[in-house]
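**Student:** This is the structure I want to talk about, given as structure tokens.
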Amino acid sequence: MALHLIAVIFSIVTFSNSAISSSCEGSACEFELTPQEQSSDAGYFSVEWNSLTTNQSEDEQVLTDSAYKAPKYLQLATNEGFTPELQLLDITYQDKIHLTGYDDGTYFLRLLDEQQNVLSNVAKVTIKHHPFERVWLVFGIGALMFAILIGYMISRAFRSKETSTED
């Protein structure tokens, strides 16, 4: 009886895990894709991924056989269905990438192998840039500080010349 109960619990856990990882087209996700920030107000973001099939640390990981599926591409799109595809970035031999230059909006990312099979979960990043009023305010403050600094340096240069000619 206890064995049947354990088998049922194991089946439920396995079924729930496969339902969660449905973005990997029926198979378990091999990599977990995680953006460092879910939203960005500067137009750039970082994404990293870790293998879910190994318990080794990054320094101890050694590719021992050809069955290891390394991610080859990072796919970006503006919708969760990935149609149309926005970008397909070659990420061979990487485990982290920094992306920049994106307009306001929501972007979806996932890892693919060489045959375009999905290897990871779908990560979502929202970009919303700083408002232009704030950008111009910060730029104006910086320009004012620069002008004050240059004015101070020029006035100190003239004062030092006046004191050196009076001696």
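Note on naming: chains are A, B, ... as they come in the structure tokens, residues start from 1 per chain, ligands start from 1 in the order shown.
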Excluding stretch 108-111 of chain A and its own-chain neighbours fewer than 2 positions away, which residues fall within 7 Å of it when counting only C-alpha atoms? Please give them as an NGL selection string.
**Tutor:** :A and (33 or 71 or 73-80 or 106 or 113 or 118-125)
**Student:** Mind writing the picked residues with C-alpha atoms as a tab-separated table (two decimals), in the first residue's frame?
**Tutor:**
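As written to disk, again08.tsv reads:
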```tsv
chain	number	residue	atom	x	y	z
A	33	LEU	CA	16.96	31.16	-18.18
A	71	PRO	CA	22.53	26.15	-25.91
A	73	TYR	CA	21.02	30.40	-29.72
A	74	LEU	CA	19.12	32.90	-27.63
A	75	GLN	CA	15.80	33.67	-29.30
A	76	LEU	CA	14.06	37.00	-28.68
A	77	ALA	CA	10.54	37.98	-29.63
A	78	THR	CA	7.89	40.48	-28.67
A	79	ASN	CA	5.28	37.80	-27.97
A	80	GLU	CA	5.28	34.51	-26.10
A	106	THR	CA	7.99	43.47	-23.38
A	113	ASP	CA	20.00	24.16	-29.51
A	118	VAL	CA	13.77	24.61	-27.09
A	119	LEU	CA	16.11	24.01	-24.13
A	120	SER	CA	14.85	26.46	-21.50
A	121	ASN	CA	11.93	28.19	-19.95
A	122	VAL	CA	10.59	31.41	-21.43
A	123	ALA	CA	11.90	34.50	-19.64
A	124	LYS	CA	10.16	37.87	-19.84
A	125	VAL	CA	11.80	41.30	-19.65
```
**Student:** With DSSP run on the backbone, what are the strand (DSSP E or B) residues within stretch 35-149 of chain A? I'd like them as an MDAnalysis selection string.
**Tutor:** chainID A and resid 35 39:40 44:51 73:77 85:90 96:100 105:112 118 120 123:127
**Student:** Save out the residues we just selected, N, CA and C atoms, as a CSV table (one decimal), in the first residue's frame.
**Tutor:**
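Listed below is the output, result.csv:
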```
chain,number,residue,atom,x,y,z
A,35,PRO,N,16.6,36.4,-16.3
A,35,PRO,CA,17.1,37.8,-16.4
A,35,PRO,C,17.5,38.3,-15.1
A,39,SER,N,12.5,44.0,-15.1
A,39,SER,CA,12.2,45.2,-15.9
A,39,SER,C,13.4,46.1,-15.9
A,40,SER,N,13.6,46.9,-16.9
A,40,SER,CA,14.7,47.8,-17.1
A,40,SER,C,14.2,49.1,-17.5
A,44,TYR,N,18.8,48.4,-21.3
A,44,TYR,CA,19.7,47.2,-21.4
A,44,TYR,C,19.3,46.3,-20.3
A,45,PHE,N,19.7,45.0,-20.4
A,45,PHE,CA,19.4,44.0,-19.4
A,45,PHE,C,20.4,42.8,-19.6
A,46,SER,N,20.6,42.1,-18.6
A,46,SER,CA,21.5,40.9,-18.6
A,46,SER,C,20.7,39.6,-18.4
A,47,VAL,N,21.0,38.6,-19.1
A,47,VAL,CA,20.4,37.3,-18.9
A,47,VAL,C,21.4,36.2,-18.7
A,48,GLU,N,21.2,35.3,-17.8
A,48,GLU,CA,22.1,34.2,-17.6
A,48,GLU,C,21.3,32.9,-17.5
A,49,TRP,N,22.0,31.8,-17.7
A,49,TRP,CA,21.3,30.5,-17.7
A,49,TRP,C,22.2,29.5,-17.0
A,50,ASN,N,21.6,28.5,-16.3
A,50,ASN,CA,22.3,27.5,-15.6
A,50,ASN,C,21.7,26.2,-16.1
A,51,SER,N,22.5,25.1,-16.1
A,51,SER,CA,22.0,23.8,-16.5
A,51,SER,C,21.3,23.2,-15.3
A,73,TYR,N,21.6,29.1,-29.4
A,73,TYR,CA,21.0,30.4,-29.7
A,73,TYR,C,20.2,30.9,-28.6
A,74,LEU,N,20.1,32.2,-28.5
A,74,LEU,CA,19.1,32.9,-27.6
A,74,LEU,C,18.1,33.6,-28.6
A,75,GLN,N,16.9,33.2,-28.4
A,75,GLN,CA,15.8,33.7,-29.3
A,75,GLN,C,15.0,34.8,-28.6
A,76,LEU,N,14.8,35.9,-29.2
A,76,LEU,CA,14.1,37.0,-28.7
A,76,LEU,C,12.9,37.3,-29.6
A,77,ALA,N,11.8,37.6,-28.9
A,77,ALA,CA,10.5,38.0,-29.6
A,77,ALA,C,9.7,38.9,-28.8
A,85,GLU,N,9.8,36.2,-35.0
A,85,GLU,CA,11.1,36.2,-34.3
A,85,GLU,C,11.8,37.6,-34.4
A,86,LEU,N,12.2,38.2,-33.3
A,86,LEU,CA,12.8,39.5,-33.3
A,86,LEU,C,14.3,39.3,-33.6
A,87,GLN,N,15.0,38.4,-32.9
A,87,GLN,CA,16.4,38.2,-33.0
A,87,GLN,C,16.7,36.8,-32.7
A,88,LEU,N,17.8,36.2,-33.3
A,88,LEU,CA,18.3,34.9,-32.9
A,88,LEU,C,19.8,35.1,-32.8
A,89,LEU,N,20.3,35.2,-31.5
A,89,LEU,CA,21.7,35.5,-31.2
A,89,LEU,C,22.5,34.2,-31.0
A,90,ASP,N,23.6,34.1,-31.6
A,90,ASP,CA,24.5,33.0,-31.4
A,90,ASP,C,25.2,33.2,-30.0
A,96,LYS,N,26.1,33.7,-20.1
A,96,LYS,CA,25.5,35.0,-19.7
A,96,LYS,C,25.6,35.9,-20.9
A,97,ILE,N,24.7,36.8,-21.0
A,97,ILE,CA,24.8,37.8,-22.1
A,97,ILE,C,24.2,39.1,-21.7
A,98,HIS,N,24.7,40.2,-22.1
A,98,HIS,CA,24.2,41.5,-21.8
A,98,HIS,C,23.7,42.1,-23.1
A,99,LEU,N,22.4,42.6,-23.1
A,99,LEU,CA,21.8,43.1,-24.3
A,99,LEU,C,21.4,44.5,-24.1
A,100,THR,N,21.5,45.3,-25.1
A,100,THR,CA,21.3,46.7,-25.1
A,100,THR,C,20.7,47.2,-26.4
A,105,GLY,N,9.0,48.2,-24.3
A,105,GLY,CA,8.1,47.0,-24.6
A,105,GLY,C,8.5,45.8,-23.8
A,106,THR,N,7.8,44.7,-24.1
A,106,THR,CA,8.0,43.5,-23.4
A,106,THR,C,8.7,42.5,-24.3
A,107,TYR,N,9.7,41.8,-23.9
A,107,TYR,CA,10.5,40.9,-24.7
A,107,TYR,C,10.5,39.6,-24.1
A,108,PHE,N,10.4,38.5,-24.9
A,108,PHE,CA,10.4,37.1,-24.4
A,108,PHE,C,11.7,36.5,-24.9
A,109,LEU,N,12.3,35.7,-24.1
A,109,LEU,CA,13.6,35.0,-24.5
A,109,LEU,C,13.5,33.6,-24.1
A,110,ARG,N,14.3,32.8,-24.9
A,110,ARG,CA,14.4,31.3,-24.6
A,110,ARG,C,15.7,30.8,-25.3
A,111,LEU,N,16.2,29.7,-24.8
A,111,LEU,CA,17.4,29.1,-25.4
A,111,LEU,C,17.0,28.0,-26.3
A,112,LEU,N,17.8,27.9,-27.4
A,112,LEU,CA,17.6,26.9,-28.4
A,112,LEU,C,18.9,26.1,-28.7
A,118,VAL,N,13.8,23.8,-28.3
A,118,VAL,CA,13.8,24.6,-27.1
A,118,VAL,C,14.4,23.9,-25.9
A,120,SER,N,15.0,25.7,-22.8
A,120,SER,CA,14.8,26.5,-21.5
A,120,SER,C,13.4,26.9,-21.4
A,123,ALA,N,11.7,33.4,-20.6
A,123,ALA,CA,11.9,34.5,-19.6
A,123,ALA,C,11.3,35.8,-20.2
A,124,LYS,N,10.8,36.6,-19.4
A,124,LYS,CA,10.2,37.9,-19.8
A,124,LYS,C,10.9,39.1,-19.2
A,125,VAL,N,11.2,40.1,-20.1
A,125,VAL,CA,11.8,41.3,-19.6
A,125,VAL,C,11.0,42.5,-20.2
A,126,THR,N,10.7,43.4,-19.4
A,126,THR,CA,10.0,44.6,-19.8
A,126,THR,C,11.0,45.8,-19.8
A,127,ILE,N,11.0,46.6,-20.9
A,127,ILE,CA,11.8,47.7,-21.0
A,127,ILE,C,10.9,49.0,-21.0
```
**Student:** Suppose you want the space between atom CA of A:Gln94 and atom CA of A:Ala42; what is it in Å?
**Tutor:**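 Here the two named atoms are 23.6 Å from each other.
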